[in-house]
>>> print(open('protein.txt').read())   # compact mmCIF, C-alpha atoms and all ligand atoms
# COMPACT_ATOMS: atom_id res chain seq x y z
CA MET I 1 -8.51 17.30 21.48
CA ALA I 2 -9.83 15.36 24.48
CA ALA I 3 -7.26 13.31 26.39
CA ASP I 4 -9.46 10.21 26.02
CA SER I 5 -9.24 10.50 22.24
CA VAL I 6 -6.95 8.45 19.99
CA ALA I 7 -4.35 10.40 17.97
CA ILE I 8 -3.26 9.02 14.61
CA ILE I 9 -0.18 10.43 12.89
CA GLY I 10 -0.50 10.21 9.09
CA ALA I 11 -3.56 10.40 6.84
CA GLY I 12 -2.41 7.66 4.46
CA LEU I 13 -4.59 4.66 3.71
CA GLY I 14 -3.73 2.90 6.99
CA GLY I 15 -4.29 5.95 9.20
CA LEU I 16 -7.60 6.86 7.57
CA THR I 17 -8.91 3.29 7.78
CA CYS I 18 -8.04 3.09 11.46
CA ALA I 19 -9.76 6.42 12.10
CA ILE I 20 -12.96 5.31 10.34
CA ALA I 21 -12.98 2.02 12.24
CA LEU I 22 -12.55 3.84 15.56
CA ARG I 23 -15.36 6.29 14.78
CA ARG I 24 -17.64 3.40 13.85
CA ARG I 25 -17.00 1.97 17.32
CA GLY I 26 -17.95 5.36 18.80
CA LEU I 27 -14.45 6.43 19.83
CA ALA I 28 -13.05 9.95 19.50
CA VAL I 29 -10.19 10.24 17.01
CA ASP I 30 -7.97 12.95 15.55
CA VAL I 31 -5.74 12.42 12.51
CA TYR I 32 -2.65 14.63 12.10
CA GLU I 33 -1.10 14.87 8.65
CA ALA I 34 2.17 16.60 7.74
CA ALA I 35 1.05 17.67 4.25
CA GLU I 36 -0.77 20.98 3.92
CA ARG I 37 -3.25 19.34 1.57
CA ILE I 38 -4.17 15.70 1.19
CA GLU I 39 -3.70 14.88 -2.44
CA GLU I 40 -2.45 11.48 -3.55
CA THR I 41 -1.31 11.93 -7.10
CA GLY I 42 -0.13 9.90 -9.99
CA ALA I 43 -0.41 6.27 -9.00
CA GLY I 44 -2.71 3.30 -8.88
CA LEU I 45 -3.10 0.56 -6.36
CA THR I 46 -3.90 -3.13 -6.47
CA LEU I 47 -6.53 -3.69 -3.79
CA GLY I 48 -5.97 -7.05 -2.14
CA LEU I 49 -8.84 -9.16 -0.83
CA GLY I 50 -8.07 -8.49 2.84
CA ALA I 51 -8.33 -4.73 2.33
CA GLN I 52 -11.69 -5.15 0.62
CA HIS I 53 -13.00 -7.31 3.47
CA VAL I 54 -12.14 -4.38 5.72
CA PHE I 55 -13.96 -1.94 3.44
CA ARG I 56 -17.03 -4.20 3.52
CA ALA I 57 -16.94 -4.30 7.32
CA LEU I 58 -16.67 -0.50 7.38
CA GLY I 59 -19.51 0.02 4.91
CA VAL I 60 -17.43 1.69 2.18
CA GLN I 61 -16.84 -1.21 -0.22
CA GLY I 62 -19.64 -0.10 -2.56
CA ALA I 63 -18.18 3.41 -2.87
CA VAL I 64 -14.66 2.02 -3.34
CA ALA I 65 -15.69 -0.52 -5.98
CA ALA I 66 -17.69 2.06 -7.92
CA LYS I 67 -14.41 3.95 -8.45
CA ALA I 68 -12.26 0.84 -9.03
CA CYS I 69 -11.68 -1.55 -11.93
CA PRO I 70 -12.28 -5.25 -11.30
CA ALA I 71 -9.14 -7.21 -12.21
CA GLY I 72 -9.75 -10.67 -13.65
CA ASN I 73 -7.00 -13.15 -12.94
CA LEU I 74 -4.00 -10.81 -12.86
CA PRO I 75 -2.08 -12.85 -15.46
CA PHE I 76 1.69 -13.16 -15.45
CA LEU I 77 3.05 -12.86 -19.00
CA HIS I 78 6.40 -13.75 -20.55
CA TYR I 79 8.42 -10.55 -20.99
CA GLY I 80 9.41 -11.29 -24.58
CA THR I 81 6.56 -13.30 -26.12
CA GLY I 82 3.61 -12.10 -24.03
CA LYS I 83 2.58 -15.74 -23.48
CA ALA I 84 0.36 -16.20 -20.41
CA LEU I 85 2.48 -18.10 -17.85
CA MET I 86 -0.15 -18.02 -15.13
CA GLY I 87 -3.75 -16.81 -15.06
CA ALA I 88 -6.04 -16.05 -17.97
CA LEU I 89 -5.99 -12.84 -19.96
CA ASP I 90 -8.09 -10.14 -18.32
CA LEU I 91 -10.39 -9.13 -21.15
CA GLY I 92 -13.20 -7.49 -19.11
CA ASP I 93 -14.40 -3.96 -19.75
CA GLY I 94 -12.91 -2.72 -16.49
CA LEU I 95 -15.85 -0.63 -15.37
CA GLY I 96 -16.62 -0.24 -11.69
CA ASP I 97 -19.05 -2.72 -10.11
CA ASP I 98 -20.99 -3.11 -6.86
CA GLY I 99 -18.01 -4.61 -5.03
CA SER I 100 -19.73 -7.82 -3.93
CA ALA I 101 -17.49 -10.23 -5.85
CA ASN I 102 -14.45 -11.36 -3.86
CA ILE I 103 -11.86 -10.37 -6.48
CA ILE I 104 -8.84 -8.12 -6.74
CA ARG I 105 -9.54 -4.58 -7.94
CA HIS I 106 -7.41 -1.70 -9.12
CA ILE I 107 -8.01 1.86 -8.05
CA TYR I 108 -6.52 5.30 -8.45
CA ARG I 109 -5.11 6.16 -5.01
CA ALA I 110 -6.56 9.65 -5.18
CA ASP I 111 -10.03 8.14 -5.64
CA LEU I 112 -9.60 5.77 -2.69
CA GLN I 113 -8.29 8.48 -0.43
CA LYS I 114 -11.24 10.71 -1.31
CA VAL I 115 -13.72 7.95 -0.42
CA LEU I 116 -12.01 7.36 2.95
CA LEU I 117 -11.71 11.06 3.80
CA ALA I 118 -15.36 11.66 2.98
CA GLU I 119 -16.42 8.74 5.17
CA LEU I 120 -14.27 9.90 8.06
CA GLY I 121 -15.74 13.39 7.78
CA ARG I 122 -19.27 11.96 7.66
CA LEU I 123 -18.57 10.04 10.88
CA GLY I 124 -17.27 13.17 12.61
CA GLY I 125 -13.56 12.29 12.70
CA ALA I 126 -11.20 15.27 12.58
CA THR I 127 -8.28 15.50 10.14
CA HIS I 128 -5.66 18.20 10.84
CA THR I 129 -3.37 18.93 7.91
CA GLY I 130 -0.12 20.90 8.19
CA HIS I 131 0.81 19.04 11.40
CA ARG I 132 4.17 17.29 11.13
CA LEU I 133 4.99 15.28 14.25
CA THR I 134 8.51 15.97 15.42
CA ARG I 135 8.50 14.05 18.69
CA PHE I 136 6.25 12.59 21.37
CA GLU I 137 6.28 12.21 25.13
CA GLN I 138 4.31 9.91 27.36
CA THR I 139 3.35 9.37 30.99
CA GLU I 140 1.47 6.46 32.48
CA ASP I 141 -1.86 8.11 31.63
CA THR I 142 -1.33 9.90 28.37
CA ALA I 143 0.78 10.25 25.22
CA THR I 144 1.49 13.68 23.78
CA ALA I 145 2.37 14.38 20.16
CA LEU I 146 4.37 17.52 19.41
CA PHE I 147 4.25 19.13 15.98
CA ASP I 148 6.49 21.43 13.95
CA ASN I 149 3.85 24.20 14.05
CA GLY I 150 4.12 24.43 17.84
CA PHE I 151 0.85 22.57 18.46
CA SER I 152 0.71 19.60 20.81
CA ALA I 153 -2.01 17.00 21.38
CA SER I 154 -2.51 14.58 24.25
CA ALA I 155 -4.34 11.30 23.77
CA ARG I 156 -4.88 7.99 25.50
CA ALA I 157 -3.24 6.21 22.54
CA LEU I 158 -0.88 7.51 19.87
CA ILE I 159 -0.62 5.65 16.56
CA GLY I 160 2.24 6.10 14.12
CA ALA I 161 0.70 5.64 10.66
CA ASP I 162 3.39 7.89 9.22
CA GLY I 163 4.88 5.72 6.50
CA VAL I 164 8.27 4.26 5.69
CA ARG I 165 10.21 7.21 7.20
CA SER I 166 8.12 7.21 10.36
CA ALA I 167 9.10 9.76 13.00
CA ILE I 168 7.31 7.61 15.59
CA ARG I 169 9.43 4.57 14.69
CA ALA I 170 12.60 6.69 14.83
CA LYS I 171 11.88 7.31 18.48
CA LEU I 172 10.54 3.85 19.33
CA VAL I 173 13.47 2.05 17.69
CA PRO I 174 16.50 4.37 17.82
CA GLY I 175 19.08 3.83 15.09
CA ASP I 176 16.75 1.76 12.91
CA ALA I 177 16.44 3.10 9.34
CA PRO I 178 14.67 2.21 6.08
CA ARG I 179 16.69 -0.29 4.02
CA PHE I 180 17.26 0.20 0.29
CA THR I 181 16.16 -3.02 -1.42
CA ASP I 182 18.28 -2.70 -4.59
CA HIS I 183 15.13 -1.94 -6.56
CA VAL I 184 13.57 1.14 -8.06
CA ALA I 185 10.07 1.59 -9.48
CA TYR I 186 9.39 3.75 -12.52
CA ARG I 187 5.83 5.05 -12.23
CA PHE I 188 3.79 6.69 -14.98
CA LEU I 189 0.27 7.10 -16.37
CA VAL I 190 -1.09 6.87 -19.91
CA PRO I 191 -4.60 8.00 -20.95
CA MET I 192 -6.57 5.04 -22.31
CA ASP I 193 -6.99 6.53 -25.78
CA ARG I 194 -3.20 6.51 -26.23
CA ALA I 195 -2.66 3.19 -24.44
CA LYS I 196 -5.31 1.26 -26.35
CA PRO I 197 -3.05 -0.10 -29.16
CA PHE I 198 -0.93 -1.80 -26.47
CA MET I 199 -3.74 -3.34 -24.41
CA ASP I 200 -4.74 -6.32 -26.58
CA LEU I 201 -3.47 -8.70 -23.87
CA GLY I 202 -6.09 -7.43 -21.45
CA ARG I 203 -6.69 -4.68 -18.92
CA SER I 204 -4.29 -5.95 -16.30
CA ALA I 205 -1.07 -7.83 -16.91
CA ILE I 206 2.25 -8.38 -15.17
CA PHE I 207 5.10 -9.00 -17.60
CA ILE I 208 8.00 -10.77 -15.90
CA GLY I 209 11.60 -11.25 -16.95
CA PRO I 210 15.14 -11.32 -15.59
CA GLN I 211 15.68 -8.52 -13.02
CA ARG I 212 12.60 -6.67 -14.21
CA THR I 213 8.81 -6.62 -13.73
CA PHE I 214 6.39 -4.53 -15.77
CA ASN I 215 2.94 -4.17 -14.24
CA ARG I 216 0.19 -2.28 -16.02
CA TYR I 217 -3.53 -1.99 -15.44
CA THR I 218 -6.48 0.27 -16.05
CA MET I 219 -7.97 2.35 -13.26
CA ALA I 220 -10.13 5.48 -12.88
CA GLN I 221 -13.10 3.70 -14.50
CA GLY I 222 -10.98 2.58 -17.41
CA ARG I 223 -9.81 6.06 -18.38
CA ILE I 224 -6.16 5.75 -17.31
CA VAL I 225 -3.54 3.01 -17.52
CA ASN I 226 -1.16 2.83 -14.57
CA GLY I 227 2.38 1.72 -15.37
CA ALA I 228 4.77 0.47 -12.68
CA ALA I 229 8.10 -0.90 -13.84
CA LEU I 230 10.29 -2.52 -11.17
CA VAL I 231 14.00 -2.74 -11.88
CA GLU I 232 16.78 -4.34 -9.86
CA THR I 233 19.65 -1.84 -9.52
CA GLY I 234 22.34 -0.69 -7.14
CA GLU I 235 21.53 2.96 -7.86
CA GLU I 236 19.94 4.28 -4.68
CA VAL I 237 17.35 7.03 -5.17
CA PRO I 238 14.85 8.42 -2.65
CA GLU I 239 11.24 7.24 -2.54
CA GLY I 240 8.52 9.75 -3.37
CA TRP I 241 7.61 11.98 -6.29
CA SER I 242 10.82 14.00 -6.36
CA THR I 243 13.03 12.14 -8.86
CA PRO I 244 11.97 12.51 -12.51
CA ALA I 245 13.40 9.92 -14.91
CA PRO I 246 14.13 10.48 -18.60
CA LEU I 247 12.10 8.40 -21.04
CA GLU I 248 15.29 7.03 -22.60
CA GLU I 249 16.35 5.51 -19.27
CA LEU I 250 13.12 3.55 -18.94
CA GLN I 251 13.23 2.56 -22.61
CA ALA I 252 16.78 1.25 -22.19
CA ALA I 253 15.75 -0.78 -19.12
CA PHE I 254 13.02 -2.58 -21.11
CA GLU I 255 14.71 -2.82 -24.49
CA GLY I 256 13.75 -6.05 -26.25
CA TRP I 257 10.59 -6.61 -24.17
CA HIS I 258 7.17 -7.30 -25.69
CA PRO I 259 5.88 -4.52 -28.01
CA ASP I 260 2.97 -3.84 -25.63
CA VAL I 261 5.53 -2.96 -22.95
CA THR I 262 7.80 -0.83 -25.11
CA GLY I 263 4.79 0.75 -26.85
CA LEU I 264 3.16 1.77 -23.56
CA ILE I 265 6.44 3.16 -22.27
CA GLY I 266 6.66 5.23 -25.44
CA GLU I 267 3.34 6.89 -24.48
CA ALA I 268 4.34 7.61 -20.87
CA GLY I 269 3.70 11.08 -19.54
CA ALA I 270 5.93 12.28 -16.67
CA ILE I 271 8.01 9.37 -15.32
CA ILE I 272 9.03 9.22 -11.68
CA LYS I 273 11.82 7.03 -10.36
CA TRP I 274 10.97 5.80 -6.86
CA GLY I 275 13.52 4.02 -4.65
CA LEU I 276 12.07 0.96 -2.92
CA TYR I 277 12.85 0.72 0.80
CA ASP I 278 11.62 -1.75 3.36
CA ARG I 279 11.72 -1.89 7.15
CA ALA I 280 13.07 -4.78 9.12
CA PRO I 281 10.28 -6.78 10.80
CA LEU I 282 10.16 -6.15 14.56
CA GLY I 283 9.17 -8.33 17.51
CA THR I 284 7.05 -5.51 18.95
CA TRP I 285 5.57 -2.29 17.56
CA SER I 286 4.43 -0.71 20.79
CA GLN I 287 5.81 1.06 23.82
CA GLY I 288 3.44 2.25 26.54
CA ARG I 289 0.65 4.22 24.85
CA VAL I 290 2.33 4.42 21.46
CA THR I 291 2.18 1.94 18.58
CA MET I 292 2.59 1.81 14.79
CA LEU I 293 0.78 0.46 11.74
CA GLY I 294 1.37 0.08 8.00
CA ASP I 295 4.66 1.02 6.39
CA ALA I 296 5.93 2.52 9.64
CA ALA I 297 5.82 -0.96 11.16
CA HIS I 298 6.63 -3.20 8.19
CA ALA I 299 7.24 -1.47 4.80
CA MET I 300 7.79 -4.21 2.21
CA LEU I 301 8.66 -4.76 -1.44
CA PRO I 302 5.64 -4.36 -3.77
CA PHE I 303 5.89 -7.70 -5.65
CA LEU I 304 2.62 -8.95 -4.18
CA GLY I 305 0.91 -5.53 -4.26
CA MET I 306 -0.11 -5.91 -0.63
CA GLY I 307 1.67 -3.14 1.31
CA ALA I 308 -1.33 -0.83 1.46
CA ALA I 309 -3.63 -3.78 2.12
CA MET I 310 -1.52 -4.61 5.18
CA ALA I 311 -1.80 -0.99 6.40
CA ILE I 312 -5.59 -1.11 5.90
CA GLU I 313 -5.89 -4.48 7.70
CA ASP I 314 -3.68 -3.20 10.56
CA GLY I 315 -5.82 -0.08 10.94
CA TYR I 316 -9.02 -2.10 11.17
CA VAL I 317 -7.71 -4.67 13.66
CA LEU I 318 -6.04 -2.05 15.86
CA ALA I 319 -9.30 -0.11 16.09
CA GLN I 320 -11.21 -3.27 17.11
CA MET I 321 -8.66 -3.99 19.82
CA ILE I 322 -8.77 -0.43 21.17
CA ALA I 323 -12.56 -0.60 21.26
CA ARG I 324 -12.53 -4.01 22.95
CA HIS I 325 -10.03 -3.24 25.74
CA SER I 326 -10.25 -0.26 28.03
CA ASP I 327 -6.56 -0.56 28.88
CA VAL I 328 -4.16 0.31 26.11
CA ALA I 329 -1.60 -2.37 27.00
CA SER I 330 -4.12 -5.17 26.41
CA ALA I 331 -5.33 -3.54 23.21
CA PHE I 332 -1.81 -3.29 21.79
CA ALA I 333 -0.96 -6.85 22.89
CA GLY I 334 -4.05 -8.18 21.08
CA TYR I 335 -3.21 -6.10 18.02
CA GLU I 336 0.38 -7.31 17.82
CA LYS I 337 -0.63 -10.92 18.38
CA ARG I 338 -2.90 -10.77 15.35
CA ARG I 339 -0.85 -8.55 13.08
CA ILE I 340 2.87 -9.24 13.56
CA PRO I 341 2.75 -12.86 12.28
CA ARG I 342 0.49 -11.91 9.35
CA THR I 343 2.55 -8.93 8.19
CA SER I 344 5.88 -10.72 8.73
CA GLN I 345 4.65 -13.53 6.50
CA VAL I 346 3.54 -11.15 3.74
CA HIS I 347 6.73 -9.07 4.09
CA HIS I 348 8.86 -12.16 3.50
CA ALA I 349 6.60 -13.53 0.76
CA SER I 350 6.74 -10.25 -1.17
CA LYS I 351 10.50 -10.54 -1.35
CA VAL I 352 10.40 -14.20 -2.39
CA GLN I 353 7.80 -13.40 -5.05
CA GLY I 354 10.19 -10.86 -6.58
CA GLN I 355 13.10 -13.28 -6.40
CA ILE I 356 11.09 -15.92 -8.24
CA THR I 357 9.65 -13.73 -10.96
CA GLN I 358 12.83 -11.75 -11.59
CA SER I 359 15.58 -14.31 -11.23
CA ILE I 360 14.22 -17.43 -12.87
CA ASP I 361 14.68 -18.30 -16.47
CA PRO I 362 11.26 -17.31 -17.79
CA ASP I 363 11.56 -19.80 -20.63
CA ASN I 364 11.34 -22.60 -18.07
CA PHE I 365 8.82 -20.84 -15.98
CA ALA I 366 7.16 -22.50 -12.98
CA LEU I 367 5.11 -20.07 -10.94
CA ALA I 368 3.16 -22.79 -9.17
CA GLY I 369 5.22 -22.55 -5.99
CA ALA I 370 5.29 -18.74 -5.88
CA PRO I 371 3.76 -16.98 -2.85
CA VAL I 372 1.05 -15.42 -5.02
CA ASN I 373 -0.48 -18.92 -5.13
CA ASN I 374 -0.64 -19.22 -1.35
CA ARG I 375 -4.41 -18.89 -1.11
CA GLU I 376 -4.54 -18.91 2.66
CA MET I 377 -2.24 -15.89 2.75
CA MET I 378 -3.70 -14.03 -0.23
CA GLU I 379 -7.36 -14.56 0.73
CA PHE I 380 -7.11 -13.99 4.49
CA ASP I 381 -10.08 -12.14 5.99
CA PRO I 382 -8.96 -9.98 8.96
CA THR I 383 -12.55 -9.06 9.80
CA ALA I 384 -13.86 -12.62 10.26
CA GLU I 385 -13.18 -12.58 13.99
CA PHE I 386 -15.03 -9.31 14.55
CA THR I 387 -18.12 -9.42 12.37
C1 LIG K 401 5.94 1.36 -6.54
C2 LIG K 401 4.99 0.93 -5.46
C3 LIG K 401 3.84 0.24 -5.80
C4 LIG K 401 2.98 -0.20 -4.79
N1 LIG K 401 1.87 -0.87 -5.16
C5 LIG K 401 1.02 -1.31 -4.20
C6 LIG K 401 -0.16 -2.00 -4.57
O1 LIG K 401 -0.46 -2.17 -5.76
N2 LIG K 401 -0.98 -2.45 -3.58
C7 LIG K 401 -0.69 -2.25 -2.26
O2 LIG K 401 -1.46 -2.71 -1.40
N3 LIG K 401 0.43 -1.59 -1.88
C8 LIG K 401 1.28 -1.11 -2.82
N4 LIG K 401 2.39 -0.41 -2.45
C9 LIG K 401 2.65 -0.18 -1.01
C10 LIG K 401 1.81 0.98 -0.46
O3 LIG K 401 1.98 2.12 -1.23
C11 LIG K 401 2.18 1.28 0.99
O4 LIG K 401 2.36 0.09 1.70
C12 LIG K 401 1.08 2.10 1.66
O5 LIG K 401 0.91 3.33 1.02
C13 LIG K 401 1.39 2.30 3.14
O6 LIG K 401 0.34 3.01 3.74
P1 LIG K 401 0.57 3.77 5.11
O7 LIG K 401 -0.76 4.34 5.44
O8 LIG K 401 1.25 2.89 6.07
O9 LIG K 401 1.63 4.92 4.78
P2 LIG K 401 1.62 6.08 3.72
O10 LIG K 401 0.69 5.82 2.61
O11 LIG K 401 3.05 6.33 3.38
O12 LIG K 401 1.06 7.32 4.54
C14 LIG K 401 1.81 7.95 5.55
C15 LIG K 401 1.23 9.34 5.78
O13 LIG K 401 1.89 9.91 6.90
C16 LIG K 401 2.25 11.24 6.60
N5 LIG K 401 3.41 11.56 7.46
C17 LIG K 401 4.68 11.14 7.32
N6 LIG K 401 5.44 11.63 8.31
C18 LIG K 401 4.63 12.37 9.10
C19 LIG K 401 4.84 13.12 10.28
N7 LIG K 401 6.05 13.18 10.89
N8 LIG K 401 3.79 13.78 10.85
C20 LIG K 401 2.55 13.72 10.27
N9 LIG K 401 2.30 13.02 9.13
C21 LIG K 401 3.33 12.34 8.56
C22 LIG K 401 2.56 11.23 5.12
O14 LIG K 401 2.49 12.53 4.55
C23 LIG K 401 1.48 10.29 4.61
O15 LIG K 401 0.28 10.97 4.29
C24 LIG K 401 3.26 0.05 -3.43
C25 LIG K 401 4.41 0.78 -3.09
C26 LIG K 401 5.26 1.21 -4.09
C27 LIG K 401 6.47 2.00 -3.69
>>> encode(input="protein.txt", output="structure tokens", more="lines below")
Ligand SMILES: Cc1cc2nc3c(=O)[nH]c(=O)nc-3n(C[C@H](O)[C@H](O)[C@H](O)COP(=O)(O)OP(=O)(O)OC[C@H]3O[C@@H](n4cnc5c(N)ncnc54)[C@H](O)[C@@H]3O)c2cc1C
Amino acid sequence: MAADSVAIIGAGLGGLTCAIALRRRGLAVDVYEAAERIEETGAGLTLGLGAQHVFRALGVQGAVAAKACPAGNLPFLHYGTGKALMGALDLGDGLGDDGSANIIRHIYRADLQKVLLAELGRLGGATHTGHRLTRFEQTEDTATALFDNGFSASARALIGADGVRSAIRAKLVPGDAPRFTDHVAYRFLVPMDRAKPFMDLGRSAIFIGPQRTFNRYTMAQGRIVNGAALVETGEEVPEGWSTPAPLEELQAAFEGWHPDVTGLIGEAGAIIKWGLYDRAPLGTWSQGRVTMLGDAAHAMLPFLGMGAAMAIEDGYVLAQMIARHSDVASAFAGYEKRRIPRTSQVHHASKVQGQITQSIDPDNFALAGAPVNNREMMEFDPTAEFT
């Protein structure tokens, strides 16, 4: 790679978005991904409004929306009775649309990643799989990434988009580690034909109750229902796809909940138990020619469904700053100024949202003051300044 290129470590949603945004500004970029093959499996994603503003600015919103399901009002339902506590039931057909409406959408991660990879390829950005960064070095003029396959790459800027266990962060902030949040997520999929009897309360719904949240929605053009059950627990398990969970364990956790919840759980295919970790917010993400974005910088609890949106927003803004400033220090300063306050706010709000929905007495429910109703935060457009 050319030394005036930008090197991004990690081909997740944040890394790919940043790479596309850099290419659109005419800059050379190389993405290095540890996995041998890029294949996001088995999960869906709520696409926040900020992420979709970014996709519009990058010209991919139409392709994303065609693969996604529009999500009405994302209603919060009582865990036992199914009564709508906030928002109206989402009774739409859930088919993809043209993406112009400013609404939340749900998408299969694999579909989103395919759209982004195709766009990056079309724009001439290079993605190198099988490259796990082990360390980096830097001088005044260049940063060099070193990989476990013996390859090394020098660049004018090095971006750690390498997720919650970021190797870049390990070196930038020695001794800092992901923090277990006393929550696990059970993740599973159900084909629509088997889920249908349990979907009368609409395509997307978040059932809330003491110490538990059950979020389910259709994706993949209405063919698959994504189930994500969040449970407060002291049992620490790793994040990722490596810990299968027995059906009985998930059934026991949601015993006594609404029949649509227990019924859908009964139809679950493979169930994965995923430990939820966050990262402590930092006052700076950068050192010299190296910076971070997404979960590497600010992994958060998923109660607002905005972690990936923050990675996508970061990637877009960082690319604009790199394109605007020829010196990396000014670019990173502008990036941090815009992104640290925003992501710190959402990081904190995600935790508060979980505390409210999981600790209150749902029979005296009052969601009005919950962060999800903070319109300024939820509807923020990170592209407004640049378009
Ligand atoms: C249960 C659950 C539900 C969630 N739901 C939502 C939701 O609905 N909406 C939402 O917006 N967010 C959601 N999130 C959060 C979201 O998944 C993350 O915030 C998002 O994936 C972060 O993107 P990223 O690009 O920063 O990192 P990642 O997606 O983690 O990507 C990092 C990439 O870097 C690669 N990598 C790692 N180490 C190295 C290395 N050393 N060298 C090279 N490559 C490396 C990895 O293989 C990976 O491809 C949820 C999270 C969980 C756990």
>>> residues_near_ligand(input="protein.txt", ligand="ligand LIG 401 (chain K)", cutoff="7 Å", atoms="all atoms listed in the file", output="VMD selection string")
chain I and resid 9 to 15 32 to 35 44 to 48 131 to 134 161 to 167 185 187 228 274 276 293 to 296 299 to 300 302 305 to 311
>>> write_last_selection(input="protein.txt", atoms="C-alpha atoms", output="mmCIF file, in the coordinates of the input")
data_model
loop_
_atom_site.group_PDB
_atom_site.id
_atom_site.type_symbol
_atom_site.label_atom_id
_atom_site.label_comp_id
_atom_site.auth_asym_id
_atom_site.auth_seq_id
_atom_site.Cartn_x
_atom_site.Cartn_y
_atom_site.Cartn_z
ATOM 1 C CA ILE I 9 -0.180 10.430 12.890
ATOM 2 C CA GLY I 10 -0.500 10.210 9.090
ATOM 3 C CA ALA I 11 -3.560 10.400 6.840
ATOM 4 C CA GLY I 12 -2.410 7.660 4.460
ATOM 5 C CA LEU I 13 -4.590 4.660 3.710
ATOM 6 C CA GLY I 14 -3.730 2.900 6.990
ATOM 7 C CA GLY I 15 -4.290 5.950 9.200
ATOM 8 C CA TYR I 32 -2.650 14.630 12.100
ATOM 9 C CA GLU I 33 -1.100 14.870 8.650
ATOM 10 C CA ALA I 34 2.170 16.600 7.740
ATOM 11 C CA ALA I 35 1.050 17.670 4.250
ATOM 12 C CA GLY I 44 -2.710 3.300 -8.880
ATOM 13 C CA LEU I 45 -3.100 0.560 -6.360
ATOM 14 C CA THR I 46 -3.900 -3.130 -6.470
ATOM 15 C CA LEU I 47 -6.530 -3.690 -3.790
ATOM 16 C CA GLY I 48 -5.970 -7.050 -2.140
ATOM 17 C CA HIS I 131 0.810 19.040 11.400
ATOM 18 C CA ARG I 132 4.170 17.290 11.130
ATOM 19 C CA LEU I 133 4.990 15.280 14.250
ATOM 20 C CA THR I 134 8.510 15.970 15.420
ATOM 21 C CA ALA I 161 0.700 5.640 10.660
ATOM 22 C CA ASP I 162 3.390 7.890 9.220
ATOM 23 C CA GLY I 163 4.880 5.720 6.500
ATOM 24 C CA VAL I 164 8.270 4.260 5.690
ATOM 25 C CA ARG I 165 10.210 7.210 7.200
ATOM 26 C CA SER I 166 8.120 7.210 10.360
ATOM 27 C CA ALA I 167 9.100 9.760 13.000
ATOM 28 C CA ALA I 185 10.070 1.590 -9.480
ATOM 29 C CA ARG I 187 5.830 5.050 -12.230
ATOM 30 C CA ALA I 228 4.770 0.470 -12.680
ATOM 31 C CA TRP I 274 10.970 5.800 -6.860
ATOM 32 C CA LEU I 276 12.070 0.960 -2.920
ATOM 33 C CA LEU I 293 0.780 0.460 11.740
ATOM 34 C CA GLY I 294 1.370 0.080 8.000
ATOM 35 C CA ASP I 295 4.660 1.020 6.390
ATOM 36 C CA ALA I 296 5.930 2.520 9.640
ATOM 37 C CA ALA I 299 7.240 -1.470 4.800
ATOM 38 C CA MET I 300 7.790 -4.210 2.210
ATOM 39 C CA PRO I 302 5.640 -4.360 -3.770
ATOM 40 C CA GLY I 305 0.910 -5.530 -4.260
ATOM 41 C CA MET I 306 -0.110 -5.910 -0.630
ATOM 42 C CA GLY I 307 1.670 -3.140 1.310
ATOM 43 C CA ALA I 308 -1.330 -0.830 1.460
ATOM 44 C CA ALA I 309 -3.630 -3.780 2.120
ATOM 45 C CA MET I 310 -1.520 -4.610 5.180
ATOM 46 C CA ALA I 311 -1.800 -0.990 6.400
#
>>> axis_aligned_box(input="protein.txt", around="region 335-346 of chain I", padding_each_side="4 Å", output="JSON")
{"center_x": 1.3, "center_y": -9.8, "center_z": 11.1, "size_x": 17.1, "size_y": 15.4, "size_z": 22.6}
>>> residues_near_point(input="protein.txt", point="(-18.4, -10.6, -10.4)", cutoff="12 Å", atoms="only C-alpha atoms", output="PDB file with C-alpha atoms, keeping the file's coordinate frame")
ATOM      1  CA  ALA I  65     -15.690  -0.520  -5.980  1.00  0.00           C
ATOM      2  CA  CYS I  69     -11.680  -1.550 -11.930  1.00  0.00           C
ATOM      3  CA  PRO I  70     -12.280  -5.250 -11.300  1.00  0.00           C
ATOM      4  CA  ALA I  71      -9.140  -7.210 -12.210  1.00  0.00           C
ATOM      5  CA  GLY I  72      -9.750 -10.670 -13.650  1.00  0.00           C
ATOM      6  CA  ASN I  73      -7.000 -13.150 -12.940  1.00  0.00           C
ATOM      7  CA  GLY I  92     -13.200  -7.490 -19.110  1.00  0.00           C
ATOM      8  CA  GLY I  94     -12.910  -2.720 -16.490  1.00  0.00           C
ATOM      9  CA  LEU I  95     -15.850  -0.630 -15.370  1.00  0.00           C
ATOM     10  CA  GLY I  96     -16.620  -0.240 -11.690  1.00  0.00           C
ATOM     11  CA  ASP I  97     -19.050  -2.720 -10.110  1.00  0.00           C
ATOM     12  CA  ASP I  98     -20.990  -3.110  -6.860  1.00  0.00           C
ATOM     13  CA  GLY I  99     -18.010  -4.610  -5.030  1.00  0.00           C
ATOM     14  CA  SER I 100     -19.730  -7.820  -3.930  1.00  0.00           C
ATOM     15  CA  ALA I 101     -17.490 -10.230  -5.850  1.00  0.00           C
ATOM     16  CA  ASN I 102     -14.450 -11.360  -3.860  1.00  0.00           C
ATOM     17  CA  ILE I 103     -11.860 -10.370  -6.480  1.00  0.00           C
ATOM     18  CA  ILE I 104      -8.840  -8.120  -6.740  1.00  0.00           C
ATOM     19  CA  ARG I 105      -9.540  -4.580  -7.940  1.00  0.00           C
TER      20      ARG I 105
END
>>> atom_distance(input="protein.txt", atom1="CA of Val346 (chain I)", atom2="CA of Trp285 (chain I)")
16.5 Å
